[in-house]
$ cat entry_19.txt   # compact mmCIF, C-alpha atoms
# COMPACT_ATOMS: atom_id res chain seq x y z
CA MET A 1 -32.77 -1.68 151.66
CA THR A 2 -36.27 -0.96 152.87
CA GLU A 3 -38.80 0.03 150.23
CA HIS A 4 -41.22 2.89 151.04
CA PRO A 5 -44.32 1.94 149.10
CA THR A 6 -46.62 3.45 151.72
CA LEU A 7 -45.07 6.89 151.93
CA ARG A 8 -47.25 9.69 150.62
CA ARG A 9 -47.05 13.46 150.50
CA ASN A 10 -48.64 15.24 153.44
CA PRO A 11 -51.72 17.07 152.09
CA ASP A 12 -51.00 19.90 154.52
CA VAL A 13 -47.79 20.61 152.66
CA SER A 14 -48.18 22.81 149.61
CA TRP A 15 -45.47 22.41 147.04
CA ARG A 16 -44.42 23.65 143.68
CA THR A 17 -41.35 23.22 141.53
CA ILE A 18 -39.89 26.51 140.38
CA GLU A 19 -36.77 26.77 138.24
CA GLY A 20 -35.82 23.19 139.08
CA GLN A 21 -36.28 23.48 142.84
CA SER A 22 -39.24 22.07 144.71
CA VAL A 23 -40.35 24.29 147.55
CA LEU A 24 -42.42 22.76 150.32
CA VAL A 25 -44.60 24.96 152.51
CA PHE A 26 -45.86 23.43 155.73
CA ASN A 27 -49.19 25.17 155.86
CA ARG A 28 -49.92 24.85 159.53
CA GLU A 29 -46.44 25.57 160.86
CA GLY A 30 -45.48 28.14 158.22
CA GLU A 31 -42.15 26.40 157.69
CA VAL A 32 -40.52 26.32 154.26
CA GLN A 33 -38.14 23.74 152.83
CA VAL A 34 -36.37 24.15 149.50
CA LEU A 35 -35.07 20.98 147.88
CA ASN A 36 -31.97 20.73 145.72
CA GLU A 37 -32.00 19.19 142.26
CA ILE A 38 -31.79 15.56 143.40
CA GLY A 39 -34.19 16.16 146.27
CA THR A 40 -36.61 17.65 143.79
CA TYR A 41 -36.26 14.58 141.58
CA VAL A 42 -37.05 12.29 144.51
CA TRP A 43 -39.99 14.44 145.62
CA GLU A 44 -41.50 14.58 142.15
CA HIS A 45 -41.07 10.84 141.51
CA LEU A 46 -41.97 9.43 144.93
CA GLU A 47 -44.51 7.05 143.45
CA GLU A 48 -41.75 5.09 141.73
CA GLY A 49 -40.52 3.75 145.05
CA ALA A 50 -37.10 4.01 146.70
CA GLU A 51 -35.41 1.25 144.73
CA ALA A 52 -36.35 2.67 141.34
CA LEU A 53 -35.48 6.18 142.48
CA ALA A 54 -32.02 5.04 143.54
CA ARG A 55 -31.50 3.24 140.24
CA ASN A 56 -32.59 6.25 138.20
CA ILE A 57 -30.49 8.66 140.23
CA SER A 58 -27.52 6.37 139.90
CA GLU A 59 -27.85 6.44 136.11
CA LYS A 60 -28.83 10.08 135.77
CA TYR A 61 -26.16 11.52 138.02
CA GLU A 62 -23.52 8.83 137.53
CA VAL A 63 -23.20 7.87 141.18
CA GLU A 64 -22.61 4.37 142.52
CA PHE A 65 -25.89 2.53 143.02
CA GLY A 66 -25.21 1.66 146.67
CA GLU A 67 -24.49 5.28 147.47
CA ALA A 68 -27.63 6.44 145.67
CA ARG A 69 -29.68 3.88 147.58
CA ARG A 70 -28.34 5.05 150.93
CA ASP A 71 -28.90 8.70 150.04
CA VAL A 72 -32.46 8.12 148.88
CA ALA A 73 -33.30 6.15 152.03
CA GLU A 74 -31.80 8.87 154.21
CA PHE A 75 -33.61 11.63 152.33
CA LEU A 76 -36.97 9.87 152.57
CA GLN A 77 -36.37 9.42 156.28
CA ASP A 78 -35.64 13.15 156.61
CA LEU A 79 -38.84 14.00 154.77
CA ARG A 80 -40.76 11.68 157.03
CA ARG A 81 -39.23 13.24 160.13
CA SER A 82 -40.04 16.75 158.93
CA GLY A 83 -43.64 15.75 158.29
CA ALA A 84 -43.48 16.29 154.54
CA LEU A 85 -44.17 12.59 154.04
CA LEU A 86 -46.68 10.45 155.87
CA GLU A 87 -46.91 6.71 156.17
CA GLY A 88 -49.89 4.80 154.95
CA MET B 1 -66.30 22.77 174.63
CA ASP B 2 -66.19 23.82 170.98
CA ARG B 3 -69.58 24.39 169.39
CA TYR B 4 -69.98 24.44 165.62
CA PRO B 5 -73.19 25.93 164.22
CA ASP B 6 -75.16 24.27 161.46
CA GLY B 7 -77.19 25.89 158.71
CA ASP B 8 -80.19 26.58 160.97
CA HIS B 9 -78.06 28.90 163.06
CA PHE B 10 -77.88 31.27 160.11
CA GLN B 11 -81.57 31.68 159.37
CA PRO B 12 -82.08 35.37 158.55
CA VAL B 13 -83.39 37.46 161.42
CA ALA B 14 -85.13 40.82 161.39
CA PRO B 15 -82.68 43.65 162.10
CA PRO B 16 -83.15 45.58 165.33
CA GLU B 17 -84.99 48.89 165.10
CA GLY B 18 -82.74 51.68 163.90
CA ALA B 19 -80.11 49.30 162.56
CA GLY B 20 -78.02 50.37 159.61
CA GLY B 21 -75.16 49.23 157.50
CA PHE B 22 -71.90 50.16 155.85
CA THR B 23 -69.66 48.96 153.04
CA VAL B 24 -65.91 48.62 153.26
CA ALA B 25 -63.81 48.71 150.09
CA VAL B 26 -60.24 47.41 150.11
CA GLY B 27 -58.34 47.91 146.87
CA GLY B 28 -61.67 47.94 145.06
CA LEU B 29 -62.92 44.75 146.74
CA SER B 30 -66.07 45.58 148.67
CA VAL B 31 -67.93 43.91 151.50
CA GLY B 32 -71.11 45.19 153.13
CA PHE B 33 -72.52 44.65 156.60
CA GLU B 34 -76.22 45.14 157.31
CA GLY B 35 -78.28 44.97 160.47
CA VAL B 36 -75.70 46.77 162.59
CA PRO B 37 -77.39 48.06 165.76
CA SER B 38 -77.52 51.84 166.01
CA ALA B 39 -75.58 51.73 169.29
CA VAL B 40 -72.42 50.57 167.53
CA LEU B 41 -73.01 51.66 163.96
CA GLU B 42 -71.13 54.93 164.25
CA ALA B 43 -68.21 53.24 166.01
CA CYS B 44 -68.02 50.74 163.17
CA ARG B 45 -68.11 53.47 160.57
CA ASP B 46 -65.43 55.40 162.42
CA HIS B 47 -63.20 52.33 162.56
CA TYR B 48 -63.40 51.80 158.80
CA ARG B 49 -63.78 55.51 157.87
CA PRO B 50 -61.05 55.73 155.18
CA PHE B 51 -62.43 52.61 153.54
CA LEU B 52 -66.16 53.31 153.57
CA SER B 53 -67.71 53.09 150.14
CA ASP B 54 -71.03 53.97 148.56
CA ALA B 55 -70.57 51.35 145.86
CA ALA B 56 -72.74 48.24 145.80
CA PRO B 57 -70.82 45.58 147.75
CA GLN B 58 -69.71 42.34 146.11
CA VAL B 59 -70.73 40.45 149.22
CA THR B 60 -73.20 41.53 151.90
CA PHE B 61 -73.33 40.05 155.38
CA ARG B 62 -76.43 40.37 157.53
CA LEU B 63 -75.79 40.46 161.24
CA GLY B 64 -77.70 38.58 163.88
CA PRO B 65 -77.36 37.47 167.49
CA GLY B 66 -75.24 34.40 168.03
CA TRP B 67 -74.31 32.08 170.83
CA GLU B 68 -72.35 33.26 173.85
CA GLY B 69 -69.40 31.28 172.59
CA TYR B 70 -68.36 29.02 169.74
CA LEU B 71 -64.76 27.82 169.93
CA ASP B 72 -62.94 27.67 173.24
CA LEU B 73 -60.08 30.05 173.84
CA PRO B 74 -56.76 28.18 173.79
CA PRO B 75 -54.48 28.50 176.85
CA ASP B 76 -52.07 30.73 174.93
CA GLY B 77 -54.87 33.20 174.23
CA TYR B 78 -54.24 33.22 170.49
CA LEU B 79 -57.15 33.70 168.14
CA ARG B 80 -58.57 30.47 166.77
CA LEU B 81 -60.18 30.65 163.37
CA GLU B 82 -61.55 27.60 161.65
CA GLU B 83 -63.02 27.33 158.21
CA ARG B 84 -65.06 24.45 156.83
CA PRO B 85 -67.74 23.75 154.23
CA LEU B 86 -71.33 24.41 155.28
CA GLY B 87 -74.15 23.65 152.88
CA PRO B 88 -73.59 25.45 149.61
CA GLY B 89 -71.14 27.83 151.23
CA ARG B 90 -68.47 27.98 153.87
CA LEU B 91 -68.30 28.57 157.59
CA LEU B 92 -65.80 30.68 159.48
CA VAL B 93 -65.96 30.25 163.22
CA SER B 94 -63.97 31.62 166.14
CA HIS B 95 -64.57 32.31 169.84
CA THR B 96 -67.30 34.91 169.70
CA PHE B 97 -68.60 34.78 166.16
CA ALA B 98 -69.55 32.54 163.28
CA ALA B 99 -70.05 33.54 159.66
CA ARG B 100 -71.53 31.69 156.73
CA TRP B 101 -70.76 32.86 153.23
CA SER B 102 -72.06 31.76 149.88
CA GLY B 103 -71.83 33.82 146.70
CA ALA B 104 -72.89 37.42 147.17
CA SER B 105 -74.45 37.01 150.59
CA GLY B 106 -73.55 35.88 154.05
CA GLU B 107 -74.73 35.81 157.62
CA LEU B 108 -72.65 36.88 160.59
CA ARG B 109 -73.57 35.86 164.11
CA SER B 110 -71.91 37.54 167.06
CA ALA B 111 -71.93 36.76 170.78
CA SER B 112 -72.82 40.42 171.25
CA LEU B 113 -74.22 42.87 168.75
CA GLU B 114 -74.18 45.73 171.21
CA ASN B 115 -70.57 45.43 172.38
CA PHE B 116 -68.37 47.13 169.80
CA GLU B 117 -65.19 45.18 170.55
CA THR B 118 -66.95 41.84 170.34
CA LEU B 119 -68.82 42.77 167.20
CA LYS B 120 -65.69 44.26 165.64
CA ALA B 121 -63.86 40.94 166.07
CA GLY B 122 -66.53 39.26 163.99
CA ILE B 123 -66.69 41.95 161.33
CA GLU B 124 -62.93 42.33 161.08
CA ASN B 125 -62.20 38.62 160.68
CA THR B 126 -65.07 38.11 158.30
CA LEU B 127 -63.74 40.99 156.25
CA ARG B 128 -60.24 39.50 156.20
CA TRP B 129 -61.65 36.14 155.17
CA VAL B 130 -63.74 37.49 152.33
CA VAL B 131 -61.17 39.97 151.03
CA ALA B 132 -58.58 37.16 150.88
CA ASP B 133 -60.93 35.17 148.70
CA LEU B 134 -62.12 38.05 146.54
CA ALA B 135 -58.49 38.95 145.98
CA LEU B 136 -57.84 35.54 144.47
CA GLU B 137 -60.69 36.08 142.03
CA SER B 138 -59.10 39.40 141.07
CA GLU B 139 -55.60 38.04 140.50
CA GLY B 140 -54.31 39.03 143.89
CA PHE B 141 -53.64 37.85 147.39
CA VAL B 142 -53.27 39.17 150.90
CA LEU B 143 -50.00 38.92 152.75
CA HIS B 144 -49.03 39.22 156.41
CA ALA B 145 -46.78 42.20 155.94
CA SER B 146 -46.04 45.72 156.94
CA GLY B 147 -46.62 47.88 153.88
CA LEU B 148 -44.91 51.26 153.58
CA VAL B 149 -44.92 53.74 150.74
CA ARG B 150 -41.73 55.61 150.00
CA ASP B 151 -41.31 57.89 146.98
CA GLY B 152 -44.67 56.69 145.73
CA ARG B 153 -43.72 52.99 145.72
CA ALA B 154 -44.76 50.27 148.12
CA TYR B 155 -42.24 48.24 150.09
CA LEU B 156 -43.61 45.19 151.88
CA PHE B 157 -41.90 43.60 154.87
CA PHE B 158 -43.45 40.23 155.49
CA GLY B 159 -43.19 37.65 158.23
CA HIS B 160 -45.06 35.72 160.86
CA SER B 161 -46.13 37.11 164.22
CA GLY B 162 -43.20 38.62 166.06
CA ALA B 163 -41.06 39.04 162.94
CA GLY B 164 -41.00 42.82 163.33
CA LYS B 165 -43.74 44.06 160.99
CA SER B 166 -45.04 46.70 163.41
CA THR B 167 -41.49 47.62 164.39
CA VAL B 168 -40.60 48.37 160.79
CA ALA B 169 -43.68 50.54 160.50
CA SER B 170 -43.02 52.38 163.76
CA LEU B 171 -39.48 53.12 162.58
CA SER B 172 -40.83 54.74 159.41
CA PRO B 173 -42.98 57.68 160.53
CA ASP B 174 -42.33 59.56 157.28
CA CYS B 175 -43.76 56.76 155.14
CA LEU B 176 -47.38 56.24 154.23
CA LEU B 177 -48.66 53.17 156.04
CA LEU B 178 -50.63 50.58 154.08
CA SER B 179 -50.92 48.26 157.08
CA ASP B 180 -48.67 46.86 159.77
CA ASP B 181 -50.35 43.48 159.56
CA LEU B 182 -52.03 42.54 156.31
CA VAL B 183 -51.54 44.07 152.86
CA LEU B 184 -53.51 43.38 149.71
CA LEU B 185 -51.57 42.78 146.49
CA LEU B 186 -53.30 42.95 143.14
CA ARG B 187 -52.08 42.46 139.59
CA LYS B 188 -53.48 45.33 137.55
CA LYS B 189 -52.79 45.31 133.82
CA GLY B 190 -49.71 43.19 134.43
CA ALA B 191 -48.26 45.35 137.17
CA TRP B 192 -48.31 44.38 140.84
CA MET B 193 -49.86 46.93 143.15
CA ALA B 194 -50.20 47.08 146.94
CA ALA B 195 -53.33 48.44 148.59
CA THR B 196 -53.95 50.09 151.91
CA THR B 197 -56.06 47.89 154.15
CA PRO B 198 -58.04 48.53 157.33
CA PHE B 199 -56.36 45.54 158.93
CA ALA B 200 -54.30 46.69 161.89
CA GLY B 201 -51.49 45.09 163.81
CA THR B 202 -50.40 46.95 166.92
CA LEU B 203 -50.05 50.48 165.57
CA PRO B 204 -52.83 53.04 165.71
CA GLN B 205 -53.98 53.52 162.15
CA THR B 206 -55.93 56.69 162.35
CA HIS B 207 -54.10 58.40 159.50
CA LYS B 208 -54.57 55.79 156.82
CA GLN B 209 -55.67 56.77 153.34
CA ALA B 210 -57.11 54.19 151.00
CA GLY B 211 -54.84 53.84 148.00
CA LEU B 212 -53.10 51.58 145.52
CA TYR B 213 -49.35 51.86 144.90
CA PRO B 214 -46.88 50.15 142.57
CA LEU B 215 -45.01 47.39 144.35
CA ALA B 216 -41.27 48.07 144.61
CA ALA B 217 -40.01 45.05 146.58
CA LEU B 218 -40.83 42.37 149.11
CA TYR B 219 -38.59 41.74 152.09
CA ARG B 220 -38.81 38.77 154.42
CA LEU B 221 -38.07 40.04 157.91
CA VAL B 222 -35.38 38.25 159.89
CA GLN B 223 -34.23 39.74 163.18
CA ALA B 224 -30.44 39.71 163.35
CA PRO B 225 -27.49 41.35 165.16
CA GLU B 226 -26.56 43.28 162.01
CA ASP B 227 -28.34 44.66 158.99
CA PHE B 228 -27.87 42.93 155.65
CA VAL B 229 -29.89 41.75 152.69
CA ARG B 230 -29.79 38.19 151.35
CA PRO B 231 -31.09 37.32 147.90
CA LEU B 232 -33.57 34.45 147.71
CA SER B 233 -33.94 31.92 144.95
CA LEU B 234 -37.26 32.20 143.17
CA ALA B 235 -38.41 28.95 144.77
CA GLU B 236 -37.54 30.07 148.27
CA ALA B 237 -39.07 33.50 147.64
CA ALA B 238 -42.36 32.00 146.52
CA GLY B 239 -42.39 29.56 149.43
CA ARG B 240 -41.62 32.25 151.99
CA VAL B 241 -44.31 34.54 150.62
CA LEU B 242 -46.89 31.77 150.43
CA SER B 243 -46.21 30.79 154.03
CA CYS B 244 -47.20 34.30 155.09
CA CYS B 245 -50.52 34.34 153.28
CA PRO B 246 -53.42 34.00 155.72
CA PHE B 247 -56.08 31.35 155.35
CA VAL B 248 -53.50 29.27 153.56
CA THR B 249 -54.49 25.98 155.10
CA ASP B 250 -57.74 25.28 153.34
CA PRO B 251 -59.51 24.65 151.12
CA PRO B 252 -56.92 23.05 148.81
CA ALA B 253 -58.52 24.59 145.73
CA ARG B 254 -57.62 28.03 147.05
CA GLN B 255 -54.06 26.89 147.56
CA ASP B 256 -53.85 25.68 143.97
CA ARG B 257 -54.77 29.13 142.73
CA LEU B 258 -52.65 31.00 145.22
CA PHE B 259 -49.24 29.43 144.59
CA PRO B 260 -49.04 30.36 140.87
CA LEU B 261 -50.09 33.92 141.70
CA VAL B 262 -47.45 34.20 144.39
CA GLU B 263 -44.85 32.86 141.98
CA ALA B 264 -45.90 35.41 139.36
CA CYS B 265 -45.53 38.19 141.88
CA CYS B 266 -42.09 36.95 142.93
CA ARG B 267 -41.00 36.88 139.29
CA ALA B 268 -42.14 40.47 138.83
CA VAL B 269 -40.61 42.19 141.84
CA PRO B 270 -37.45 41.65 143.90
CA VAL B 271 -37.93 39.39 146.93
CA ARG B 272 -35.13 39.29 149.47
CA ALA B 273 -34.49 38.46 153.10
CA LEU B 274 -33.86 41.52 155.23
CA HIS B 275 -31.84 40.74 158.32
CA PHE B 276 -32.34 43.76 160.53
CA THR B 277 -31.48 45.08 163.96
CA LYS B 278 -34.75 46.86 164.63
CA SER B 279 -33.17 50.19 163.83
CA ARG B 280 -34.06 52.65 161.10
CA THR B 281 -30.85 51.89 159.22
CA PHE B 282 -32.65 49.08 157.38
CA TRP B 283 -34.02 51.58 154.86
CA ALA B 284 -30.55 52.17 153.39
CA LEU B 285 -30.56 48.50 152.41
CA ALA B 286 -34.21 48.10 151.56
CA ALA B 287 -34.53 51.16 149.36
CA PRO B 288 -31.07 52.55 148.63
CA GLU B 289 -32.43 54.46 145.66
CA ALA B 290 -35.19 56.16 147.65
CA ASN B 291 -34.86 59.61 149.12
CA PRO B 292 -33.89 59.57 152.83
$ encode --input "entry_19.txt" --output "C-alpha cells"
Amino acid sequence: MTEHPTLRRNPDVSWRTIEGQSVLVFNREGEVQVLNEIGTYVWEHLEEGAEALARNISEKYEVEFGEARRDVAEFLQDLRRSGALLEG
Amino acid sequence: MDRYPDGDHFQPVAPPEGAGGFTVAVGGLSVGFEGVPSAVLEACRDHYRPFLSDAAPQVTFRLGPGWEGYLDLPPDGYLRLEERPLGPGRLLVSHTFAARWSGASGELRSASLENFETLKAGIENTLRWVVADLALESEGFVLHASGLVRDGRAYLFFGHSGAGKSTVASLSPDCLLLSDDLVLLLRKKGAWMAATTPFAGTLPQTHKQAGLYPLAALYRLVQAPEDFVRPLSLAEAAGRVLSCCPFVTDPPARQDRLFPLVEACCRAVPVRALHFTKSRTFWALAAPEANP
C-alpha cells in the first residue's frame, strides 16, 4: 500500500463537521461534498497517514484490515481527484 | 493586461465642484459615498431611493477618478472581482473600478465618474463587499438568494447563477420582494431576520421597500421536471448555504466566522432542496401553510 504523507487539505476548501458529517465546500467552484461517518473520520485524521487510518478504522468499525486499507486508499484518491486534497 | 493599483492610487482628491453624497442603509448597515459628481448624483439617489438614510454611515467612501481599466474582461463576459490586502486595509478591484477600505473610511476610483452605469458598477459592488463584511460583524451574512415575503414571513430561495432566483421572484407578483439576487440575513435577539437589499438580479426593483422580516425557511433551488421538496441533513444544508455566500473565497478569517453563523442559521430555520419546474405551483410545497 502506498502511504500519503504529502497529502494536505486544499486551503480553498472550507470544511466543518456538523452532527458527525464533514461538509466540504469548494469555494471557487461552489461545489459541496458531504462525507459519511468513515469519510469524516479519514478527513479529520488525515495527518495520521493512510496506514494508521486503515488500522484504526479496522479496529473501530470491525472490518478486515486489508479491506480498510483498500477503502482508505481509494477514498484518498477520490479526494485528490476532486481537489479536496493536494499533494505536497 | 490586468493592472492592480497600489496605495498611491488612492490618495484623496478634491471633489469636483457641486459634488454631493448619499448614504445607503441595508438592514441597518450603512455605507456612505462622497464626492459624487452633480451630473450623476440624482441618478444614484434614485437608484438607491428606498435605502437612502440620514444616519451617519459606518463606512464612508470618497470617490475619485481612476484608470480607464483595471482587470481585463474575461472572454465569457462575466464580472471579475478580486480582493486582496492593501496596506492596512483591503483592495477590491474589477474592470472599471478599484476600492480600498480600511476601518470607517475608503476610497473608490472609477474609470468614469460622469457615466452613471460605470460609476454604479463601482458603487454597487463596493456596497455589496462592505455590507457582506459589516453583516459578519453584526451576526449576519449575505446570501445569493431570491427573497420573498409571504404572510409577513421571508422565504429565501438560494442558488448559483442560473438556478432560478429571478424566475421564482417573477412567478410571485403578490409577494414583497427583498431581492432577486442577494439577501441580507441578520440574527436579532436570537431570531433570524431577512432584510430587503438594493442588490438587483434581472428584475426591475422599483417597488422595493426597506424592511426586516422573520425568516421562515431557506430553499435550495434545483430545476427539475417535477416539483418536490427534499430534506437536507444539517451538514449539507450548511454547506449548500455557505457555497452561495458571496465573497466566500477570501480572506480565510472571514470564512472562519461565516461557517458557524451559517450553521446557526440552518439550525434555526428549515433548509430544504426545492426541485421545481419553473411554475408557480412551487409555493404549495414551499409554504403550504401560507395563504394562496
$ closest_atom_pairs --input "entry_19.txt" --of "chain B" --to "chain A" --cutoff "10 Å" --atoms "all atoms listed in the file" --output "Markdown table"
| residue | atom | partner | partner_atom | distance |
| --- | --- | --- | --- | --- |
| B:Gly159 | CA | A:Gly30 | CA | 9.8 |
| B:His160 | CA | A:Gly30 | CA | 8.0 |
| B:Ser233 | CA | A:Glu19 | CA | 8.9 |
| B:Leu234 | CA | A:Ile18 | CA | 6.9 |
| B:Ala235 | CA | A:Ile18 | CA | 5.2 |
| B:Glu236 | CA | A:Val34 | CA | 6.2 |
| B:Ala237 | CA | A:Val23 | CA | 9.3 |
| B:Ala238 | CA | A:Val23 | CA | 8.0 |
| B:Gly239 | CA | A:Val23 | CA | 6.0 |
| B:Arg240 | CA | A:Val32 | CA | 6.4 |
| B:Val241 | CA | A:Val32 | CA | 9.8 |
| B:Leu242 | CA | A:Val25 | CA | 7.5 |
| B:Ser243 | CA | A:Gly30 | CA | 5.0 |
| B:Cys244 | CA | A:Gly30 | CA | 7.1 |
| B:Cys245 | CA | A:Gly30 | CA | 9.4 |
| B:Pro246 | CA | A:Asn27 | CA | 9.8 |
| B:Phe247 | CA | A:Asn27 | CA | 9.3 |
| B:Val248 | CA | A:Asn27 | CA | 6.4 |
| B:Thr249 | CA | A:Asn27 | CA | 5.4 |
| B:Asp250 | CA | A:Asp12 | CA | 8.7 |
| B:Pro252 | CA | A:Pro11 | CA | 8.6 |
| B:Gln255 | CA | A:Ser14 | CA | 7.4 |
| B:Asp256 | CA | A:Ser14 | CA | 8.5 |
| B:Phe259 | CA | A:Arg16 | CA | 7.6 |
| B:Pro260 | CA | A:Arg16 | CA | 8.6 |
| B:Glu263 | CA | A:Ile18 | CA | 8.2 |
$ closest_residue --input "entry_19.txt" --among "B:Leu71, B:Leu108, B:Ala154, B:Val24" --to "Ala216 in chain B" --atoms "all atoms listed in the file"
B:Ala154
$ residues_near_point --input "entry_19.txt" --point "(-48.3, 49.8, 147.7)" --cutoff "7 Å" --atoms "all atoms listed in the file" --output "list in words"
Gly147, Leu148, Val149, Arg153, Ala154, Tyr155, Leu178, Met193, Ala194, Ala195, Leu212, Tyr213, Pro214 and Leu215 of chain B
$ residues_near_point --input "entry_19.txt" --point "(-36.3, 5.6, 147.2)" --cutoff "10 Å" --atoms "all atoms listed in the file" --output "VMD selection string"
chain A and resid 1 to 5 42 to 43 45 to 57 68 to 77
$ residues_around --input "entry_19.txt" --residues "Val271 in chain B" --least-positions-apart "2" --cutoff "7 Å" --atoms "only C-alpha atoms" --output "list in words"
Ala217, Leu218, Tyr219, Leu232, Ala237, Cys266 and Val269 of chain B
$ residues_around --input "entry_19.txt" --residues "Arg128 in chain B" --least-positions-apart "5" --cutoff "9 Å" --atoms "only C-alpha atoms" --output "PyMOL selection string"
chain B and resi 123+133+142+182+199+246
$ atom_distance --input "entry_19.txt" --atom1 "CA of His47 in chain B" --atom2 "CA of Gly162 in chain B"
24.5 Å
$ residues_around --input "entry_19.txt" --residues "range 101-106 of chain B" --least-positions-apart "2" --cutoff "9 Å" --atoms "all atoms listed in the file" --output "list in words"
Phe10, Pro57, Gln58, Val59, Thr60, Phe61, Arg62, Leu63, Leu86, Gly87, Pro88, Gly89, Arg90, Leu91, Leu92, Ala99, Leu108 and Val130 of chain B
$ closest_residue --input "entry_19.txt" --among "B:Arg280, B:Arg109, B:Lys188, B:Lys165" --to "Gly7 in chain B" --atoms "all atoms listed in the file"
B:Arg109
$ atom_distance --input "entry_19.txt" --atom1 "CA of Glu64 in chain A" --atom2 "CA of Leu79 in chain A"
22.5 Å
$ decode --input "entry_19.txt" --residues "range 177-214 of chain B" --atoms "C-alpha atoms" --output "mmCIF file, in the first residue's frame"
data_model
loop_
_atom_site.group_PDB
_atom_site.id
_atom_site.type_symbol
_atom_site.label_atom_id
_atom_site.label_comp_id
_atom_site.auth_asym_id
_atom_site.auth_seq_id
_atom_site.Cartn_x
_atom_site.Cartn_y
_atom_site.Cartn_z
ATOM 1 C CA LEU B 177 -39.581 41.282 -2.962
ATOM 2 C CA LEU B 178 -36.490 41.515 -0.769
ATOM 3 C CA SER B 179 -34.140 40.905 -3.702
ATOM 4 C CA ASP B 180 -33.861 38.526 -6.619
ATOM 5 C CA ASP B 181 -30.109 38.281 -6.193
ATOM 6 C CA LEU B 182 -28.677 38.956 -2.760
ATOM 7 C CA VAL B 183 -30.463 38.970 0.593
ATOM 8 C CA LEU B 184 -29.092 40.019 3.954
ATOM 9 C CA LEU B 185 -29.729 37.747 6.941
ATOM 10 C CA LEU B 186 -29.240 39.005 10.464
ATOM 11 C CA ARG B 187 -29.635 37.374 13.851
ATOM 12 C CA LYS B 188 -31.574 39.804 16.017
ATOM 13 C CA LYS B 189 -32.128 38.840 19.646
ATOM 14 C CA GLY B 190 -31.757 35.188 18.706
ATOM 15 C CA ALA B 191 -34.177 35.273 15.795
ATOM 16 C CA TRP B 192 -33.076 35.178 12.165
ATOM 17 C CA MET B 193 -34.387 38.003 10.033
ATOM 18 C CA ALA B 194 -34.112 38.732 6.304
ATOM 19 C CA ALA B 195 -33.646 42.268 5.015
ATOM 20 C CA THR B 196 -34.569 43.930 1.769
ATOM 21 C CA THR B 197 -31.478 44.884 -0.194
ATOM 22 C CA PRO B 198 -30.866 47.209 -3.134
ATOM 23 C CA PHE B 199 -28.987 44.437 -4.899
ATOM 24 C CA ALA B 200 -30.816 43.507 -8.077
ATOM 25 C CA GLY B 201 -30.686 40.472 -10.300
ATOM 26 C CA THR B 202 -32.630 40.749 -13.527
ATOM 27 C CA LEU B 203 -35.961 42.067 -12.251
ATOM 28 C CA PRO B 204 -36.816 45.745 -12.090
ATOM 29 C CA GLN B 205 -36.886 46.632 -8.428
ATOM 30 C CA THR B 206 -38.677 49.904 -8.428
ATOM 31 C CA HIS B 207 -41.238 48.894 -5.819
ATOM 32 C CA LYS B 208 -38.908 47.759 -3.078
ATOM 33 C CA GLN B 209 -39.444 48.862 0.496
ATOM 34 C CA ALA B 210 -36.635 48.608 3.004
ATOM 35 C CA GLY B 211 -37.642 46.183 5.728
ATOM 36 C CA LEU B 212 -36.686 43.329 8.006
ATOM 37 C CA TYR B 213 -38.807 40.169 8.190
ATOM 38 C CA PRO B 214 -38.682 36.969 10.245
#
